[in-house]
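J.: To start, I am sharing the structure in question, which I have written as structure tokens.
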Amino acid sequence: MLKKGLKGILITAAFIVILFLIMHWDVKQGVKNYARTHPMTETLSRKAEINVYNTGKDLYKKLFADIKTADELVWIHFFIIRDDQISNEFFDLLIEKAKEGIDVRLSVDFLGSDIKKESINRMGEGGVKIVKSRSLSLKNIFYSLHHRNHRRLVSIDQRIAYIGGFNMGDEYLGKDPKLGYWRDYHIRLEGEAGKEVAQQFKRDWVEDGAESMESVHPTRTSSENEGSNVHFLFSTGDSIVDKTVNWINSSEESITITTPYFLPNGKLVSALKKAVKRGVKVKILIPDNTDAWFTKPPSYRIEKTLLESGVDLYLYEKGFFHGKVLVIDHKWADIGTANWDPRSFYLNDESNCIISDAKVAAELESLIHNDIKHSKKLTMKAFNELPAWEKALRKTPDWIYFYF
């Protein structure tokens, strides 16, 4: 009986390993095929007035107010949309605008949505056009499962745009009992730069098999000479890694990084170490509490080697930290949706806004500095006090946490 049980376990284990290897091969092929036809888009530099939001309450208040002012179009994509109190207020507002004759389109990632069928039907009947982004495909099926549209894009009349880490749901208001207070970073842009966000939404909408969209020329325009210089990176695949390495290599004084998931590859780790050797001050803020515990143990060995090289690492303790920000030399900033993990760097569709404005960079650094006050500095002692199971998981092979 014992031998039969052991045999069954071995057969099951062998099947899982084989299935995982097939999945890994399929994903690698899918990445290669998709990257070939979807190179990174880097837009021209445009002007925009920028406002920074780091609480869901303030962000939703302004977003809802902007939607109410729309007189042409409201195009929105979120990676995650819940079906809870704040989301239903959001749905009601979209329906209200659609009934006014505004072109209202809502896109949500195929696997990221908890929207009930009843809510989808209610919005559809109210005139809101809805699409599930990046649905499953039989070709490279495992890749299509892992390849997600992680962008958050909002375009209102092609004049106002939003981009950043927040999604739509009560948890982003700090109402999740497990995660508690939610800290994130999002920006509102008003000006000519908004056109670029609208164009990317349009490309994604057509990519997802929805009806084609005619070119829309905004009737209300913004001054091209007001605001900060910004441009966007819309990426899928490791082109964003190479871009980030170049940014780090160009730094002269300081690098400030915030990310909820920290699993950088060898290129990025090497670039950060070289920056420290050049005398660059490197600070990294990550959450102590996380919504994806399995990403923490593999990151410990990376954090340890960076700590040994002179990087300052901080663990946010006030709640859950989800912001994705990079500030270089106090001069410019990158804020968007890409995390420092394999999914963002190799599998997901991401959106990042590059802000060439020292004033905005300083504002972001000031806000991050306040968050560091609610954090503890990571020390070598912390690694010695890890539970045995976490120490064991530190040795997880790189190709496995590719899927974390």
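Labels for the structure tokens follow display order: chains A, B, ..., residues from 1 in each chain, ligands from 1.
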Which residues come within 6 Å of Phe79 in chain A, counting only C-alpha atoms, excluding same-chain residues fewer than 6 positions away, as a list in words?

T.: Val108, Asp109, Gly112 and His150 of chain A

J.: Please produce an output containing C-alpha atoms for each residue in the selection, written as a JSON list (two decimals), in the first residue's frame.

T.:
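result27.json was written with the following content:
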```json
[["chain", "number", "residue", "atom", "x", "y", "z"],
["A", 108, "VAL", "CA", -10.43, 45.78, -17.99],
["A", 109, "ASP", "CA", -7.88, 43.00, -18.03],
["A", 112, "GLY", "CA", -8.07, 41.15, -13.42],
["A", 150, "HIS", "CA", -1.27, 45.84, -16.64]]
```

J.: Skipping near chain neighbours, those fewer than 3 positions away, what residues fall within 8 Å of Thr259 in chain A using only C-alpha atoms, listed as a list of chain:residue names?

T.: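 In the requested form, the answer reads A:Phe262, A:Ile284, A:Leu285, A:Ile286, A:Pro287, A:Phe321, A:His322, A:Gly323, A:Lys324, A:Val325, A:Asn339, A:Trp340.
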
J.: If we count only C-alpha atoms and set the cut-off at 12 Å, which residues sit around Asp291 in chain A, ignoring sequence neighbours fewer than 5 positions away in its own chain? Please answer as number ranges by chain.

T.: A: 171, 176-180, 182, 260-261, 296, 319-322, 404

J.: As a PyMOL selection string, please: every residue in range 62-240 of chain A that a backbone DSSP assignment puts in strand (DSSP E or B).

T.: chain A and resi 73-78+81+103-109+113+129-133+149+153-156+160-164+168+182-183+186-190+228-236

J.: Please identify all polymer residues within 9 Å of Trp75 in chain A, counting only C-alpha atoms, omitting same-chain residues fewer than 4 positions from it, and present them as a ChimeraX atom specification.

T.: /A:103-107,153-158,198,201-202

J.: Hey, can you spit out that residue selection with C-alpha atoms as a PDB file, in the first residue's frame?

T.:
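File again_14.pdb, as written:
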```
ATOM      1  CA  ASP A 103     -18.389  58.086 -26.022  1.00  0.00           C
ATOM      2  CA  VAL A 104     -17.732  55.976 -22.906  1.00  0.00           C
ATOM      3  CA  ARG A 105     -15.461  52.944 -23.185  1.00  0.00           C
ATOM      4  CA  LEU A 106     -14.308  50.727 -20.331  1.00  0.00           C
ATOM      5  CA  SER A 107     -11.527  48.169 -20.713  1.00  0.00           C
ATOM      6  CA  LEU A 153      -4.986  54.458 -18.800  1.00  0.00           C
ATOM      7  CA  VAL A 154      -7.617  57.161 -18.470  1.00  0.00           C
ATOM      8  CA  SER A 155      -8.352  59.654 -21.250  1.00  0.00           C
ATOM      9  CA  ILE A 156     -11.004  62.322 -20.856  1.00  0.00           C
ATOM     10  CA  ASP A 157     -11.589  64.361 -24.013  1.00  0.00           C
ATOM     11  CA  GLN A 158      -7.932  63.560 -24.946  1.00  0.00           C
ATOM     12  CA  ALA A 198      -5.766  58.271 -25.865  1.00  0.00           C
ATOM     13  CA  PHE A 201      -5.966  53.196 -25.351  1.00  0.00           C
ATOM     14  CA  LYS A 202      -7.155  53.106 -28.948  1.00  0.00           C
TER      15      LYS A 202
END
```

J.: Skipping near chain neighbours, those fewer than 3 positions away, what residues fall within 12 Å of Ile95 in chain A using only C-alpha atoms, listed as a list in words?

T.: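 Here the answer would be Ile67, Lys68, Val74, Asn88, Glu89, Phe90, Phe91, Asp92, Ala98, Lys99, Glu100, Gly101, Ile102, Asp103, Val104, Arg105, Leu106, Ser119, Ile120, Asn121, Arg122, Met123, Gly124, Glu125, Gly126, Gly127, Val128, Lys129 and Ile130 of chain A.
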
J.: Would you mind exporting the chosen residues as a CSV table (one decimal), in the first residue's frame, restricted to N, CA, C and O atoms?

T.:
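As a result, out_17.csv now contains:
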```csv
chain,number,residue,atom,x,y,z
A,67,ILE,N,-14.5,63.2,-14.9
A,67,ILE,CA,-15.4,62.4,-15.8
A,67,ILE,C,-16.7,63.2,-15.9
A,67,ILE,O,-17.3,63.2,-17.0
A,68,LYS,N,-17.2,63.8,-14.9
A,68,LYS,CA,-18.5,64.6,-15.0
A,68,LYS,C,-18.4,65.8,-15.9
A,68,LYS,O,-19.4,66.2,-16.5
A,74,VAL,N,-14.8,59.5,-22.7
A,74,VAL,CA,-14.3,58.9,-21.5
A,74,VAL,C,-13.8,57.5,-21.8
A,74,VAL,O,-14.6,56.6,-22.0
A,88,ASN,N,-19.1,50.6,-8.0
A,88,ASN,CA,-20.5,50.8,-8.5
A,88,ASN,C,-20.8,52.3,-8.6
A,88,ASN,O,-21.6,52.7,-9.5
A,89,GLU,N,-20.2,53.1,-7.8
A,89,GLU,CA,-20.4,54.6,-8.0
A,89,GLU,C,-19.7,55.0,-9.3
A,89,GLU,O,-20.2,55.8,-10.0
A,90,PHE,N,-18.6,54.3,-9.6
A,90,PHE,CA,-17.9,54.5,-10.8
A,90,PHE,C,-18.7,54.1,-12.0
A,90,PHE,O,-18.9,54.8,-13.0
A,91,PHE,N,-19.4,52.9,-11.9
A,91,PHE,CA,-20.2,52.4,-13.0
A,91,PHE,C,-21.4,53.3,-13.2
A,91,PHE,O,-21.7,53.6,-14.4
A,92,ASP,N,-22.0,53.8,-12.2
A,92,ASP,CA,-23.2,54.7,-12.3
A,92,ASP,C,-22.8,56.0,-13.0
A,92,ASP,O,-23.5,56.5,-13.9
A,98,ALA,N,-22.7,58.2,-20.5
A,98,ALA,CA,-23.0,57.5,-21.8
A,98,ALA,C,-24.4,58.0,-22.2
A,98,ALA,O,-24.7,58.2,-23.4
A,99,LYS,N,-25.3,58.1,-21.3
A,99,LYS,CA,-26.7,58.6,-21.6
A,99,LYS,C,-26.7,60.0,-22.1
A,99,LYS,O,-27.7,60.4,-22.7
A,100,GLU,N,-25.7,60.8,-21.7
A,100,GLU,CA,-25.6,62.1,-22.2
A,100,GLU,C,-25.1,62.2,-23.7
A,100,GLU,O,-25.0,63.3,-24.3
A,101,GLY,N,-24.7,61.0,-24.2
A,101,GLY,CA,-24.2,61.0,-25.6
A,101,GLY,C,-22.7,61.0,-25.7
A,101,GLY,O,-22.1,61.0,-26.8
A,102,ILE,N,-22.0,60.9,-24.5
A,102,ILE,CA,-20.5,60.9,-24.5
A,102,ILE,C,-20.1,59.5,-24.9
A,102,ILE,O,-20.7,58.4,-24.6
A,103,ASP,N,-19.0,59.4,-25.6
A,103,ASP,CA,-18.4,58.1,-26.0
A,103,ASP,C,-17.7,57.5,-24.8
A,103,ASP,O,-16.5,57.9,-24.5
A,104,VAL,N,-18.3,56.6,-24.1
A,104,VAL,CA,-17.7,56.0,-22.9
A,104,VAL,C,-17.3,54.5,-23.2
A,104,VAL,O,-18.1,53.7,-23.6
A,105,ARG,N,-16.0,54.3,-23.0
A,105,ARG,CA,-15.5,52.9,-23.2
A,105,ARG,C,-14.7,52.5,-21.9
A,105,ARG,O,-13.9,53.3,-21.4
A,106,LEU,N,-15.0,51.3,-21.5
A,106,LEU,CA,-14.3,50.7,-20.3
A,106,LEU,C,-13.6,49.4,-20.7
A,106,LEU,O,-14.3,48.5,-21.2
A,119,SER,N,-23.5,43.7,-13.5
A,119,SER,CA,-23.0,45.0,-13.6
A,119,SER,C,-22.6,45.3,-15.1
A,119,SER,O,-22.8,46.4,-15.6
A,120,ILE,N,-22.0,44.3,-15.7
A,120,ILE,CA,-21.6,44.5,-17.1
A,120,ILE,C,-22.8,44.7,-18.0
A,120,ILE,O,-22.8,45.6,-18.8
A,121,ASN,N,-23.9,43.9,-17.7
A,121,ASN,CA,-25.1,44.1,-18.5
A,121,ASN,C,-25.7,45.5,-18.3
A,121,ASN,O,-26.2,46.1,-19.2
A,122,ARG,N,-25.7,45.9,-17.0
A,122,ARG,CA,-26.3,47.2,-16.7
A,122,ARG,C,-25.5,48.3,-17.4
A,122,ARG,O,-26.2,49.2,-17.9
A,123,MET,N,-24.2,48.2,-17.4
A,123,MET,CA,-23.4,49.3,-18.1
A,123,MET,C,-23.7,49.2,-19.6
A,123,MET,O,-23.8,50.2,-20.3
A,124,GLY,N,-23.7,48.0,-20.2
A,124,GLY,CA,-24.0,47.8,-21.6
A,124,GLY,C,-25.3,48.4,-22.0
A,124,GLY,O,-25.4,49.1,-23.0
A,125,GLU,N,-26.3,48.1,-21.2
A,125,GLU,CA,-27.7,48.7,-21.5
A,125,GLU,C,-27.7,50.2,-21.4
A,125,GLU,O,-28.5,50.9,-22.0
A,126,GLY,N,-26.8,50.7,-20.5
A,126,GLY,CA,-26.7,52.1,-20.3
A,126,GLY,C,-25.9,52.9,-21.4
A,126,GLY,O,-25.7,54.1,-21.3
A,127,GLY,N,-25.3,52.1,-22.3
A,127,GLY,CA,-24.5,52.7,-23.4
A,127,GLY,C,-23.0,52.7,-23.3
A,127,GLY,O,-22.3,53.2,-24.1
A,128,VAL,N,-22.5,52.1,-22.2
A,128,VAL,CA,-21.1,52.0,-22.0
A,128,VAL,C,-20.5,50.8,-22.8
A,128,VAL,O,-21.0,49.7,-22.7
A,129,LYS,N,-19.5,51.1,-23.6
A,129,LYS,CA,-18.9,50.0,-24.4
A,129,LYS,C,-17.8,49.4,-23.5
A,129,LYS,O,-17.0,50.0,-22.9
A,130,ILE,N,-17.8,48.0,-23.4
A,130,ILE,CA,-16.9,47.3,-22.5
A,130,ILE,C,-16.2,46.2,-23.3
A,130,ILE,O,-16.7,45.5,-24.2
```

J.: Glu253 in chain A: which residues within 7 Å, counting only C-alpha atoms, same-chain residues fewer than 3 positions away excluded, as a list in words?

T.: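 Here the answer would be Val280, Lys281 and Asp329 of chain A.
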
J.: What's around Ser251 in chain A at 8 Å? Count only C-alpha atoms, leave out sequence neighbours fewer than 3 positions away in its own chain, and write the answer as a ChimeraX atom specification.

T.: /A:247-248,254-255,275,280,328-329

J.: Which residue is closest to Asn384 in chain A? Choose from A:Asp334, A:Tyr300, A:Tyr316, A:Asp208 and count only C-alpha atoms.

T.: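 Among the listed residues, the smallest separation from Asn384 in chain A belongs to A:Tyr300.
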
J.: Check the smallest atom-to-atom distance from each of A:Ala193, A:Ile22, A:Ala48, A:Leu315 to Ile372 in chain A using only C-alpha atoms, then report the winner.

T.: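 Ranking A:Ala193, A:Ile22, A:Ala48, A:Leu315 by distance to Ile372 in chain A, first place goes to A:Leu315.
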
J.: Using DSSP secondary structure from the backbone, list all alpha helix (DSSP H) positions within range 196-324 of chain A, as a PyMOL selection string.

T.: chain A and resi 196-207+239-250+266-277+296-309

J.: So which one's closest to Arg148 in chain A, A:Lys273, A:Lys32, A:Arg343, A:Arg203? Using only C-alpha atoms, please.

T.: A:Arg343

J.: Interatomic distance between CA of Ile302 in chain A and CA of Ile240 in chain A?

T.: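 Result for CA of Ile302 in chain A versus CA of Ile240 in chain A: 19.6 Å, one decimal.
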
J.: State, in Å with one decimal place, the distance from CA of Leu59 in chain A to CA of Arg134 in chain A.

T.: 26.2 Å

J.: For Glu49 in chain A, which residue out of A:Asp357, A:Val276, A:Ser299, A:Ser239 is the nearest one, using only C-alpha atoms?

T.: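 Closest residue, counting only C-alpha atoms: A:Asp357.
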
J.: Find the residue from A:Glu118, A:His330, A:Thr43, A:Arg301 that sits nearest to Ser366 in chain A; use only C-alpha atoms when measuring.

T.: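 When distances to Ser366 in chain A are compared using only C-alpha atoms, the smallest one comes from A:His330.
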